[in-house]
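Participant: Please see the structure below; I have some questions.
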Amino acid sequence: MILELLIGLCLLGSVVLFVTPNRYAGRLAAGWSLLPLALSLLMYAGFSGQGNALLGGQLAYETTVQWVSLGPYTLNWHVGLDGISMPLIALSTVLTTAAILSAWTPIEERENQFYGLVLFLEAGLIGVFAVLDFFVWFVFWEAVLVPMYFLVAIWGGPRRKYAAIKFFVYTNVASLVMFIGFFTLVFGLGDSIASLDMPAIAQALRAGELGSLAGVGPGTLKTLAFAAMFAGFAVKVPIVPVHTWLPDAHVEAPTPVSVLLAGVLLKMGTYALLRFNFTMLPDVAQQYAAIIALFAVVSVIYGALLALAQQDLKRIVAYSSVSSMGYVILGLVAYTVYGVGGATFQMLSHGLISGLLFACVGVIYNTTHTRMVDDMSGMADRMPVTTSMFVAGSFAYMGLPLTSGFLGEYFVFLGTFHADFPGAAWFTAIAMFGIVIVAGYLLYAMQRTLFGPFSVKTAHADGGAMRTDGGEGSGSEAEHDIDRAAAHDIVPLAMLLALVIVLGVAPEISFGMIRDAVGPLVTAGGAG
Amino acid sequence: MAATSTAFAFEVAPAIAILPLASFVIALFAGKYLPKGGALAGIAATGGSLLLSLWIALTVAGGATYNEEIYSLVTTPNSFDLHFGLLLDPLSALMLVIVSLVSFLVHLFSLGYMNDEGERGLPRYYAGLGLFSFSMLAFVFADNLFMSFVFFELVGLCSWLLIGHWYREEAPPSAAKKAFLVTRFGDYFFLVGVVAIFATFGTTLFAGPESFPTLAEEALAGAGGGEAGGGAGELSTFGFGPGTWFTVLGFLVLGGVIGKSAQFPLHTWLPDAMEGPTPVSALIHAATMVAAGVYLVARMYGFYALSPTALAVIAFVGGFTALFAASMAVVKRDIKQVLAYSTISQYGYMMLGLGAGGYVAAVFHLMTHAFFKALLFLGAGAVIIAMHHRQDMWEMGGLKEKLPVTYYAFLAGSLALAGIFPFAGFWSKDEILYEALIHGLNDPLLLGGYLMGLTAIVFTGFYTFRMVLLTFHGEPRTHTARNPHSLGWSVKVPLVVLGVLATVIGLINMTPVAEATGLHIEYLHTWLEHGIPGLTVEHYDEVLETVAGYSAASLSPLLPAVLSLALALAGAGLAWALYSGPDPDHHTERLGDIRTLLMNNYYQDEYQVWIAETFGTGVARLSDRFDQSIVDGAVNGISEVSLLSGDRIRRIQTGIVSNYATLLTLGLVVLLLSVGLAGGWFL
């Protein structure tokens, strides 16, 4: 029942916060979010699962309750964790607390609703990672979109409506495509499954029980379903060319929301890809491995190049997420322990590091009211602690050894270089060039904003429209002094940085359970 | 009794690196509250490292070696192990002593250079020095290539931190960025190399029967014997022949070496890195970052010795860099710029030595250079303190009388750098050139390297003494030079220690004397003969001969030694003739266009910036435009209908959006609860 307790705590917190006066909402939310955080860390410490959740592994904290019958299928409440989902749940709770703390300064209206939605979002995220029945899983999957939509649409920047609707429509269409793809498989399996239980479906598919549907043979059916699900999840990751909602959403979203968006929401996409495409249909994944790897490499390099062209700090970090998530896809397609395990580790690591960087950008924005690289310089002089965190986070993002960022990428490279699909070594070597480009744009951004003589220009003293493409901002260019960051702004940064370093020095804390969970997938996936 | 004390020395060896790490943490978090901004913690830590390193060296001298894993990052059954380990053999023990000594002296010198000059960021500075020493020392005793890469990268971070120390100005952060980016470009190839070596051999250990140089050697031996069988059959060589593939791997790792050791064409970061504080320059050039590249080649020499192509390229690049950089040093006005180009040039010699099969010679030069270049940089630092932070040599002159200790120490370093008998640089540089010559007589590429290295001697002699004469001799040319700032003991002590070393350290391996007299006085050679099987000079010589096909012409070392000494004296003599007067002319300006070319460093920066801007920023801008117009344009086109309807929905909801959210949340909770109750969950 402990997983239900975890989700329930978040939902209850959400309800409580909606009726809390705005004045107390921030502090209550932070305090409340410590409950799921502490609980998930306790669960992490006492984790006893073995094997892969979908491939007959022994789950931790498992509950199965029969719910209702829907035609020929029973719907179950089935939750449980393996070594892949456990770290992601811990990541969700950690980032929620960090996001709530970093919202104290910038969120100044309707606080109760804001924090209520954040906790509701947390419940949805935990559900996505914990639930193993497709129907309930899909409810959580969609439920995440709702608070996200409002968080962007209400507390966002000037173009928040456009960004929120774009995000919502984009991902909803993707969900539809994915849903159709998945149900093609369900109907193709026919009588061989009696429920929408994901482990049962995965095992039936891997046992080759897929039949024909509407005259289409199982081979084609699998490929079509794979393509549909891949396209659907690709939007969430996002993979080039379906990434364009991401920069808009990030730029318009308030910073704490960006922390969650980059930190956990993107991982839903790669998590689902891993659970559905790569676990249920390994033979299709391996057959088209080179094409998927091509998408991954394009995401890595193209995403990094786009980040290089940006002037807005948030856009830089947003596009570099596209690049970093490309490594995850590359690792998944390798079907080696280091490849798939590294991809999972990279999800975790990127969640922490991108959360850290977004939070840093937020702290800077809170005092300067600009995110344009050209509008500020010498921030190190006035905000030494924030600068240190920004520098450390940037180097972690660049894959500096002894941070988790290095190991995530390194595992993926190690696992993919000698993978079986054609051209694996070449794809890996090209993708690795991303580490040079990422250094290019982050060092450039740091040099321009943090160092040199101090100055800050804001083109919109009235807090009016902030242009995302820069250069055309009108209004008075006022030089003004800035304040140091408050302690509650620094705490989340320090917390995330500490985790990034701990995982970089002692990766076995998570990689141990991750390896255990991807093991069956890799060994059994080899034959298809 | 002896056995236990030996084991104990090795067991505390990790502390050599941990101590500076501790000083990093102390300076970072408590430096503000400590006297001297954390300097004392750094001095104590590196002093401790030095003592421990000496203990290790003594233990190794007793014939003991150590090759053990100490910390496992990730252990994956049936796949690669990522761990940190200790490899303590004569090479690493020697290097540990060099690094910790130079680091200790740099800390000491910093008291005079940074603390006494009203510096604000002292805790940050000493934290950086501590982290730098930690990274380099751990890099030196790494037992596998993965660990080397980890600390190689951390060394890069430290250089970024310290070069950009004075971040309130414009130039240092820019130089720091350049240093990190250029070396990262090299490290990209290194990273591919590390991953590829893992994929090929399943290990990146340097030493032992399961190490990658040994496996590669066995694979080549097997491939020579049978057709498809043999040892190579077990290794995955990615469709290449084992020999070709090993050469490719060697080149990949070499990318990192060329970046860090500032070899052509990735040398451009190093002169800019002079923006950092001068003691940092001493540390970077003598013992840490730049030395890391060459040390890495020496560390995995058993692998490079298998590939004559890689060796020849190393030698040629090294020889070319030696000459190329020396020519640019000739015209520089800034004392640190002269030293920067001399560093590039001297590391070129080391690469030439390694490529030419002169493993001992290269390690010898790595050692002597560490001492005399640290000396020269600290000497230059002393001059800069005295000159109130002015670095243009044309503003100096006549400092000899005012700064006698600095002068004589600097002179010893200069004589060593120029390669004048009997100072340290003479012996080591001469041995490199001798090795290049005797092997080069059978290999035109090596001979080319030798000839360039030989020519560079003239330039070296010239620029070194131009620097000495302009700085210390003649009449003072400015007011500052007439009234220099006085120097404290913390500045003088390191200069004296290094001055003595730069004078006498060459005597440990007097190859020409040994050959001429038949005495066994090549102590460094003897030192490197011992150690772990497969990591000794004999083994390398054997592999060079059997696998790489190197053969040495028989030639007395005396004649080449006399030749290089004569060239060095010629260069020094030319400098004397031109600059020794009380008020020397700007002779290099007579070079006209050539001077312009040299002052602009052959326009190397320009073309690299052009490439970076065209293929980096340019392509990025194009991608961005493509992304905004085509990719996102298509999305917006498709979703226009949805957006319109979304817009309409939004209009209906205006004003009650938050209520809607509340209702939605509550609704879902109620729904889940009721369904849960109906489903009997809570019963």
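Convention: chains lettered A, B, ... in structure tokens order; per-chain residue numbering from 1; ligands numbered from 1 as shown.
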So that I can check the secondary structure, give me every residue of range 245-453 of chain A assigned strand (DSSP E or B) by backbone DSSP, as a PyMOL selection string.
Facilitator: chain A and resi 312+372+376-377
Participant: Pull N, CA and C atoms from the residues just selected and write them as a JSON list (two decimals), in the first residue's frame.
Facilitator:
[["chain", "number", "residue", "atom", "x", "y", "z"],
["A", 312, "ASP", "N", 18.73, 33.42, -25.41],
["A", 312, "ASP", "CA", 17.96, 33.36, -24.18],
["A", 312, "ASP", "C", 18.46, 32.16, -23.37],
["A", 372, "MET", "N", 18.43, 37.31, -21.34],
["A", 372, "MET", "CA", 19.20, 37.45, -22.56],
["A", 372, "MET", "C", 20.69, 37.52, -22.24],
["A", 376, "MET", "N", 23.34, 41.00, -19.87],
["A", 376, "MET", "CA", 24.00, 41.03, -18.57],
["A", 376, "MET", "C", 25.44, 40.53, -18.70],
["A", 377, "SER", "N", 26.26, 40.99, -17.78],
["A", 377, "SER", "CA", 27.60, 40.44, -17.67],
["A", 377, "SER", "C", 28.09, 40.66, -16.26]]
Participant: Neighbours of range 629-638 of chain B within 12 Å (only C-alpha atoms; same-chain residues fewer than 2 positions away dropped), as a JSON list (two decimals) with N, CA and C atoms, in the first residue's frame?
Facilitator:
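Once written, result_14.json looks like this:
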[["chain", "number", "residue", "atom", "x", "y", "z"],
["A", 162, "TYR", "N", -0.26, 30.72, -26.12],
["A", 162, "TYR", "CA", 0.20, 30.01, -27.32],
["A", 162, "TYR", "C", 1.00, 28.78, -26.92],
["A", 163, "ALA", "N", 1.95, 28.98, -26.00],
["A", 163, "ALA", "CA", 2.83, 27.88, -25.61],
["A", 163, "ALA", "C", 2.04, 26.76, -24.95],
["A", 165, "ILE", "N", -1.18, 26.00, -25.20],
["A", 165, "ILE", "CA", -2.06, 25.28, -26.13],
["A", 165, "ILE", "C", -1.23, 24.41, -27.07],
["A", 166, "LYS", "N", -0.10, 24.96, -27.50],
["A", 166, "LYS", "CA", 0.76, 24.18, -28.39],
["A", 166, "LYS", "C", 1.22, 22.91, -27.68],
["A", 167, "PHE", "N", 1.63, 23.07, -26.43],
["A", 167, "PHE", "CA", 2.07, 21.92, -25.65],
["A", 167, "PHE", "C", 0.94, 20.91, -25.52],
["A", 169, "VAL", "N", -1.94, 20.50, -27.26],
["A", 169, "VAL", "CA", -2.40, 19.87, -28.49],
["A", 169, "VAL", "C", -1.36, 18.90, -29.03],
["A", 170, "TYR", "N", -0.13, 19.37, -29.04],
["A", 170, "TYR", "CA", 0.98, 18.55, -29.54],
["A", 170, "TYR", "C", 1.02, 17.20, -28.82],
["A", 173, "VAL", "N", -2.28, 14.99, -29.31],
["A", 173, "VAL", "CA", -2.31, 14.28, -30.60],
["A", 173, "VAL", "C", -1.37, 13.10, -30.54],
["A", 235, "VAL", "N", 7.29, 12.66, -29.22],
["A", 235, "VAL", "CA", 6.90, 14.04, -28.95],
["A", 235, "VAL", "C", 7.26, 14.42, -27.52],
["A", 240, "VAL", "N", 13.92, 15.11, -32.42],
["A", 240, "VAL", "CA", 13.80, 15.89, -33.66],
["A", 240, "VAL", "C", 13.16, 14.99, -34.70],
["A", 241, "PRO", "N", 12.17, 15.40, -35.47],
["A", 241, "PRO", "CA", 11.68, 16.77, -35.67],
["A", 241, "PRO", "C", 10.38, 17.12, -34.92],
["A", 242, "VAL", "N", 10.03, 16.43, -33.87],
["A", 242, "VAL", "CA", 8.78, 16.79, -33.18],
["A", 242, "VAL", "C", 9.10, 17.47, -31.85],
["A", 243, "HIS", "N", 10.09, 18.34, -31.86],
["A", 243, "HIS", "CA", 10.58, 18.94, -30.62],
["A", 243, "HIS", "C", 10.11, 20.37, -30.43],
["A", 244, "THR", "N", 9.39, 20.95, -31.42],
["A", 244, "THR", "CA", 9.26, 22.41, -31.40],
["A", 244, "THR", "C", 8.36, 22.94, -30.30],
["A", 245, "TRP", "N", 7.56, 22.09, -29.65],
["A", 245, "TRP", "CA", 6.76, 22.59, -28.53],
["A", 245, "TRP", "C", 7.65, 22.92, -27.35],
["A", 246, "LEU", "N", 8.79, 22.22, -27.26],
["A", 246, "LEU", "CA", 9.60, 22.29, -26.04],
["A", 246, "LEU", "C", 10.17, 23.68, -25.76],
["A", 247, "PRO", "N", 10.88, 24.30, -26.72],
["A", 247, "PRO", "CA", 11.43, 25.62, -26.40],
["A", 247, "PRO", "C", 10.35, 26.63, -26.07],
["A", 248, "ASP", "N", 9.23, 26.59, -26.78],
["A", 248, "ASP", "CA", 8.15, 27.54, -26.47],
["A", 248, "ASP", "C", 7.63, 27.32, -25.06],
["B", 622, "LEU", "N", 21.95, 28.78, -39.12],
["B", 622, "LEU", "CA", 21.15, 28.19, -40.21],
["B", 622, "LEU", "C", 20.15, 27.19, -39.65],
["B", 623, "SER", "N", 20.64, 26.34, -38.74],
["B", 623, "SER", "CA", 19.76, 25.33, -38.15],
["B", 623, "SER", "C", 18.60, 26.01, -37.45],
["B", 624, "ASP", "N", 18.93, 27.10, -36.73],
["B", 624, "ASP", "CA", 17.89, 27.79, -35.98],
["B", 624, "ASP", "C", 16.83, 28.35, -36.92],
["B", 625, "ARG", "N", 17.31, 28.95, -38.01],
["B", 625, "ARG", "CA", 16.35, 29.53, -38.96],
["B", 625, "ARG", "C", 15.49, 28.42, -39.57],
["B", 626, "PHE", "N", 16.17, 27.32, -39.93],
["B", 626, "PHE", "CA", 15.47, 26.16, -40.49],
["B", 626, "PHE", "C", 14.43, 25.64, -39.50],
["B", 627, "ASP", "N", 14.83, 25.59, -38.24],
["B", 627, "ASP", "CA", 13.94, 25.06, -37.22],
["B", 627, "ASP", "C", 12.72, 25.95, -37.03],
["B", 640, "GLU", "N", -3.06, 24.53, -37.07],
["B", 640, "GLU", "CA", -3.79, 25.78, -37.06],
["B", 640, "GLU", "C", -5.25, 25.58, -36.65],
["B", 641, "VAL", "N", -5.81, 24.51, -37.20],
["B", 641, "VAL", "CA", -7.21, 24.22, -36.88],
["B", 641, "VAL", "C", -7.37, 23.99, -35.39],
["B", 642, "SER", "N", -6.47, 23.17, -34.85],
["B", 642, "SER", "CA", -6.55, 22.86, -33.43],
["B", 642, "SER", "C", -6.38, 24.13, -32.61],
["B", 643, "LEU", "N", -5.44, 24.95, -33.04],
["B", 643, "LEU", "CA", -5.18, 26.17, -32.29],
["B", 643, "LEU", "C", -6.40, 27.07, -32.29],
["B", 644, "LEU", "N", -7.06, 27.14, -33.45],
["B", 644, "LEU", "CA", -8.26, 27.97, -33.53],
["B", 644, "LEU", "C", -9.30, 27.50, -32.55]]
Participant: Quick one: which residues from chain A are at most 6 Å off chain B, using only C-alpha atoms, as a PDB file with N, CA and C atoms, in the first residue's frame?
Facilitator:
ATOM      1  N   TRP A  67     -10.381  -4.667 -10.629  1.00  0.00           N
ATOM      2  CA  TRP A  67     -11.195  -3.469 -10.569  1.00  0.00           C
ATOM      3  C   TRP A  67     -12.524  -3.726 -11.269  1.00  0.00           C
ATOM      4  N   THR A 244       9.395  20.948 -31.417  1.00  0.00           N
ATOM      5  CA  THR A 244       9.259  22.411 -31.399  1.00  0.00           C
ATOM      6  C   THR A 244       8.357  22.944 -30.301  1.00  0.00           C
ATOM      7  N   LEU A 305      23.260  22.217 -31.841  1.00  0.00           N
ATOM      8  CA  LEU A 305      23.489  23.363 -32.731  1.00  0.00           C
ATOM      9  C   LEU A 305      22.442  24.440 -32.495  1.00  0.00           C
ATOM     10  N   LEU A 306      21.193  24.007 -32.281  1.00  0.00           N
ATOM     11  CA  LEU A 306      20.146  24.993 -31.999  1.00  0.00           C
ATOM     12  C   LEU A 306      20.451  25.734 -30.701  1.00  0.00           C
ATOM     13  N   LEU A 308      23.286  26.359 -29.552  1.00  0.00           N
ATOM     14  CA  LEU A 308      24.413  27.253 -29.846  1.00  0.00           C
ATOM     15  C   LEU A 308      23.927  28.568 -30.436  1.00  0.00           C
ATOM     16  N   ALA A 309      22.780  28.532 -31.117  1.00  0.00           N
ATOM     17  CA  ALA A 309      22.311  29.739 -31.805  1.00  0.00           C
ATOM     18  C   ALA A 309      21.467  30.632 -30.906  1.00  0.00           C
ATOM     19  N   PRO A 401      33.736  14.656 -15.562  1.00  0.00           N
ATOM     20  CA  PRO A 401      33.851  13.482 -14.703  1.00  0.00           C
ATOM     21  C   PRO A 401      33.639  13.823 -13.235  1.00  0.00           C
ATOM     22  N   LEU A 414      29.702   3.797 -24.051  1.00  0.00           N
ATOM     23  CA  LEU A 414      30.330   2.492 -23.837  1.00  0.00           C
ATOM     24  C   LEU A 414      29.411   1.371 -24.305  1.00  0.00           C
ATOM     25  N   HIS A 418      29.870  -0.748 -29.219  1.00  0.00           N
ATOM     26  CA  HIS A 418      30.039  -2.120 -29.708  1.00  0.00           C
ATOM     27  C   HIS A 418      28.697  -2.851 -29.842  1.00  0.00           C
ATOM     28  N   VAL A 436      31.462  18.378 -27.431  1.00  0.00           N
ATOM     29  CA  VAL A 436      32.234  19.582 -27.769  1.00  0.00           C
ATOM     30  C   VAL A 436      31.289  20.768 -27.937  1.00  0.00           C
ATOM     31  N   GLN A 447      30.601  32.784 -19.949  1.00  0.00           N
ATOM     32  CA  GLN A 447      31.552  33.893 -20.096  1.00  0.00           C
ATOM     33  C   GLN A 447      30.814  35.218 -20.243  1.00  0.00           C
ATOM     34  N   PHE A 451      30.775  36.520 -16.219  1.00  0.00           N
ATOM     35  CA  PHE A 451      32.091  37.111 -16.028  1.00  0.00           C
ATOM     36  C   PHE A 451      32.195  38.443 -16.758  1.00  0.00           C
ATOM     37  N   GLY A 452      33.375  39.043 -16.639  1.00  0.00           N
ATOM     38  CA  GLY A 452      33.570  40.370 -17.194  1.00  0.00           C
ATOM     39  C   GLY A 452      33.068  41.409 -16.204  1.00  0.00           C
ATOM     40  N   PRO A 453      33.101  42.685 -16.592  1.00  0.00           N
ATOM     41  CA  PRO A 453      32.612  43.744 -15.708  1.00  0.00           C
ATOM     42  C   PRO A 453      31.108  43.635 -15.526  1.00  0.00           C
ATOM     43  N   GLU A 508      26.854   3.536  -8.313  1.00  0.00           N
ATOM     44  CA  GLU A 508      26.248   2.237  -8.019  1.00  0.00           C
ATOM     45  C   GLU A 508      24.967   2.386  -7.195  1.00  0.00           C
TER      46      GLU A 508
END
Participant: Just asking: which residues within range 125-366 of chain A are alpha helix (DSSP H) according to DSSP, as a compact mmCIF listing (two decimals) with C-alpha atoms, in the first residue's frame?
Facilitator:
# COMPACT_ATOMS: atom_id res chain seq x y z
CA LEU A 125 4.24 11.61 -12.48
CA ILE A 126 4.56 9.03 -9.75
CA GLY A 127 1.55 7.23 -11.18
CA VAL A 128 3.09 7.08 -14.64
CA PHE A 129 6.23 5.47 -13.26
CA ALA A 130 4.45 3.13 -10.87
CA PHE A 134 -2.31 0.18 -19.33
CA PHE A 135 -5.70 1.73 -18.70
CA VAL A 136 -4.79 3.26 -15.35
CA TRP A 137 -1.38 4.17 -16.70
CA PHE A 138 -2.98 6.09 -19.53
CA VAL A 139 -5.18 7.99 -17.09
CA PHE A 140 -2.10 9.13 -15.20
CA TRP A 141 -0.25 9.83 -18.44
CA GLU A 142 -3.00 12.21 -19.54
CA ALA A 143 -3.53 13.57 -16.05
CA VAL A 144 -0.02 14.99 -16.10
CA LEU A 145 -0.92 17.21 -19.03
CA VAL A 146 -3.67 19.01 -17.20
CA PRO A 147 -1.73 20.68 -14.39
CA MET A 148 1.11 21.34 -16.81
CA TYR A 149 -1.25 23.14 -19.15
CA PHE A 150 -2.52 25.41 -16.39
CA LEU A 151 0.88 26.00 -14.88
CA VAL A 152 2.12 27.35 -18.19
CA ALA A 153 -1.10 29.09 -19.19
CA ILE A 154 -1.66 30.97 -15.92
CA TRP A 155 1.78 31.73 -14.51
CA ARG A 160 1.91 31.66 -22.38
CA LYS A 161 -1.41 30.91 -24.03
CA TYR A 162 0.20 30.01 -27.32
CA ALA A 163 2.83 27.88 -25.61
CA ALA A 164 0.36 26.10 -23.36
CA ILE A 165 -2.06 25.28 -26.13
CA LYS A 166 0.76 24.18 -28.39
CA PHE A 167 2.07 21.92 -25.65
CA PHE A 168 -1.35 20.50 -24.91
CA VAL A 169 -2.40 19.87 -28.49
CA TYR A 170 0.98 18.55 -29.54
CA THR A 171 1.20 16.01 -26.76
CA ASN A 172 -2.46 15.10 -26.92
CA VAL A 173 -2.31 14.28 -30.60
CA ALA A 174 0.78 12.25 -29.82
CA SER A 175 -1.09 10.39 -27.08
CA LEU A 176 -3.83 9.57 -29.52
CA VAL A 177 -1.38 8.14 -32.06
CA MET A 178 0.32 6.15 -29.34
CA PHE A 179 -3.03 4.92 -27.99
CA ILE A 180 -4.05 3.65 -31.41
CA GLY A 181 -0.71 1.94 -31.83
CA PHE A 182 -0.99 0.20 -28.53
CA PHE A 183 -4.55 -0.95 -29.06
CA THR A 184 -3.58 -2.39 -32.40
CA LEU A 185 -1.34 -4.69 -30.43
CA VAL A 186 -3.99 -5.42 -27.83
CA PHE A 187 -6.52 -6.41 -30.49
CA GLY A 188 -3.86 -8.31 -32.40
CA LEU A 189 -3.14 -10.38 -29.33
CA MET A 198 1.44 -4.44 -19.14
CA PRO A 199 3.67 -7.33 -17.99
CA ALA A 200 1.18 -9.83 -19.41
CA ILE A 201 1.05 -7.98 -22.72
CA ALA A 202 4.81 -7.64 -22.90
CA GLN A 203 5.33 -11.32 -22.22
CA ALA A 204 2.65 -12.37 -24.69
CA LEU A 205 4.17 -10.19 -27.38
CA ARG A 206 7.64 -11.50 -26.73
CA PRO A 218 1.71 -9.96 -37.28
CA GLY A 219 5.01 -8.78 -38.72
CA THR A 220 3.53 -5.69 -40.35
CA LEU A 221 1.23 -5.15 -37.40
CA LYS A 222 4.15 -5.03 -35.01
CA THR A 223 6.04 -2.59 -37.21
CA LEU A 224 3.02 -0.30 -37.56
CA ALA A 225 2.30 -0.39 -33.85
CA PHE A 226 5.94 0.27 -33.08
CA ALA A 227 5.98 3.24 -35.42
CA ALA A 228 2.80 4.70 -33.96
CA MET A 229 3.95 4.33 -30.37
CA PHE A 230 7.41 5.62 -31.23
CA ALA A 231 5.95 8.69 -32.88
CA GLY A 232 3.66 9.28 -29.92
CA PHE A 233 6.37 9.00 -27.29
CA ALA A 234 8.89 10.85 -29.44
CA VAL A 235 6.90 14.04 -28.95
CA LYS A 236 7.27 13.77 -25.22
CA TRP A 245 6.76 22.59 -28.53
CA LEU A 246 9.60 22.29 -26.04
CA PRO A 247 11.43 25.62 -26.40
CA ASP A 248 8.15 27.54 -26.47
CA ALA A 249 6.85 25.78 -23.40
CA HIS A 250 10.11 26.27 -21.53
CA VAL A 251 10.50 29.91 -22.39
CA GLU A 252 6.97 30.76 -21.38
CA THR A 255 11.09 28.60 -13.94
CA PRO A 256 9.89 26.11 -11.32
CA VAL A 257 7.67 24.57 -13.96
CA SER A 258 10.60 24.38 -16.35
CA VAL A 259 12.46 22.48 -13.66
CA LEU A 260 9.73 19.85 -13.61
CA LEU A 266 10.63 14.53 -20.66
CA LYS A 267 11.60 11.32 -18.88
CA MET A 268 8.02 10.12 -19.25
CA GLY A 269 8.68 9.88 -22.97
CA THR A 270 11.89 7.91 -22.71
CA TYR A 271 10.47 5.80 -19.88
CA ALA A 272 7.47 4.90 -22.03
CA THR A 279 10.62 -3.99 -24.01
CA MET A 280 7.50 -5.19 -25.80
CA PRO A 282 12.54 -5.69 -29.16
CA ASP A 283 12.70 -7.43 -32.53
CA VAL A 284 11.24 -4.41 -34.34
CA ALA A 285 13.53 -2.10 -32.42
CA GLN A 286 16.53 -4.12 -33.43
CA GLN A 287 15.42 -4.42 -37.02
CA ALA A 289 17.97 0.11 -34.91
CA ALA A 290 20.03 2.08 -37.40
CA ILE A 291 17.11 4.34 -38.26
CA ILE A 292 16.30 4.97 -34.61
CA ALA A 293 19.96 5.65 -33.93
CA LEU A 294 19.91 8.14 -36.77
CA PHE A 295 17.03 9.99 -35.10
CA ALA A 296 19.00 9.93 -31.86
CA VAL A 297 22.18 11.29 -33.42
CA VAL A 298 20.29 14.01 -35.27
CA SER A 299 18.62 15.01 -31.99
CA VAL A 300 21.99 15.17 -30.25
CA ILE A 301 23.81 17.23 -32.86
CA TYR A 302 20.93 19.31 -34.21
CA GLY A 303 19.66 20.06 -30.71
CA ALA A 304 23.12 21.16 -29.65
CA LEU A 305 23.49 23.36 -32.73
CA LEU A 306 20.15 24.99 -32.00
CA ALA A 307 21.27 25.65 -28.44
CA LEU A 308 24.41 27.25 -29.85
CA LEU A 313 19.44 31.33 -21.33
CA LYS A 314 16.26 29.29 -20.98
CA ARG A 315 16.20 28.48 -24.65
CA ILE A 316 19.82 27.37 -24.45
CA VAL A 317 19.03 24.91 -21.67
CA ALA A 318 15.79 23.87 -23.38
CA TYR A 319 17.45 22.96 -26.66
CA SER A 320 20.30 21.25 -24.89
CA SER A 321 17.67 18.98 -23.34
CA VAL A 322 16.78 17.86 -26.84
CA SER A 323 20.44 17.04 -27.29
CA SER A 324 20.78 15.19 -24.01
CA MET A 325 17.65 13.15 -24.51
CA GLY A 326 19.11 12.04 -27.83
CA TYR A 327 21.76 10.19 -25.85
CA VAL A 328 19.00 8.34 -24.02
CA ILE A 329 17.51 7.10 -27.29
CA LEU A 330 20.94 6.10 -28.53
CA GLY A 331 21.52 4.07 -25.38
CA LEU A 332 18.13 2.36 -25.57
CA VAL A 333 18.67 1.14 -29.08
CA ALA A 334 21.97 -0.49 -28.19
CA VAL A 337 23.65 -3.38 -20.23
CA TYR A 338 25.56 -0.12 -20.44
CA GLY A 339 23.41 1.11 -23.30
CA VAL A 340 19.96 0.66 -21.78
CA GLY A 341 21.21 1.04 -18.22
CA GLY A 342 23.15 4.13 -19.24
CA ALA A 343 20.06 5.55 -20.91
CA THR A 344 18.14 5.11 -17.68
CA PHE A 345 20.97 6.59 -15.66
CA GLN A 346 21.10 9.49 -18.10
CA MET A 347 17.37 10.11 -17.55
CA LEU A 348 18.05 10.42 -13.86
CA SER A 349 21.17 12.49 -14.29
CA HIS A 350 19.70 14.81 -16.88
CA GLY A 351 16.68 15.32 -14.65
CA LEU A 352 18.88 16.54 -11.83
CA ILE A 353 21.24 18.62 -13.96
CA SER A 354 18.67 20.29 -16.19
CA GLY A 355 16.59 20.98 -13.10
CA LEU A 356 19.62 22.56 -11.50
CA LEU A 357 20.39 24.72 -14.53
CA PHE A 358 16.81 25.88 -14.99
CA ALA A 359 16.63 26.75 -11.31
CA CYS A 360 19.89 28.73 -11.65
CA VAL A 361 18.53 30.62 -14.63
CA GLY A 362 15.44 31.31 -12.57
CA VAL A 363 17.42 32.75 -9.68
CA ILE A 364 19.27 35.04 -12.07
CA TYR A 365 16.02 36.04 -13.79
CA ASN A 366 14.36 36.82 -10.46
Participant: So, counting only C-alpha atoms, which residue among A:Leu497, A:Leu443, A:Met389, A:Val456 is closest to Leu402 in chain A?
Facilitator: A:Leu497
Participant: In Å, rounded to a single decimal, give me how far CA of Ile490 in chain A is from CA of Pro87 in chain A.
Facilitator: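 According to the coordinates, CA of Pro87 in chain A and CA of Ile490 in chain A are separated by 23.9 Å.
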Participant: Just how far from CA of Phe395 in chain A is CA of Val491 in chain A, in Å to one decimal?
Facilitator: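 Distance between the two atoms: 19.3 Å.
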Participant: As an exercise, work out the distance from CA of Glu409 in chain A to CA of Met300 in chain B in Å and give it to one decimal place.
Facilitator: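 Spanning CA of Glu409 in chain A to CA of Met300 in chain B is a straight-line distance of 24.8 Å.
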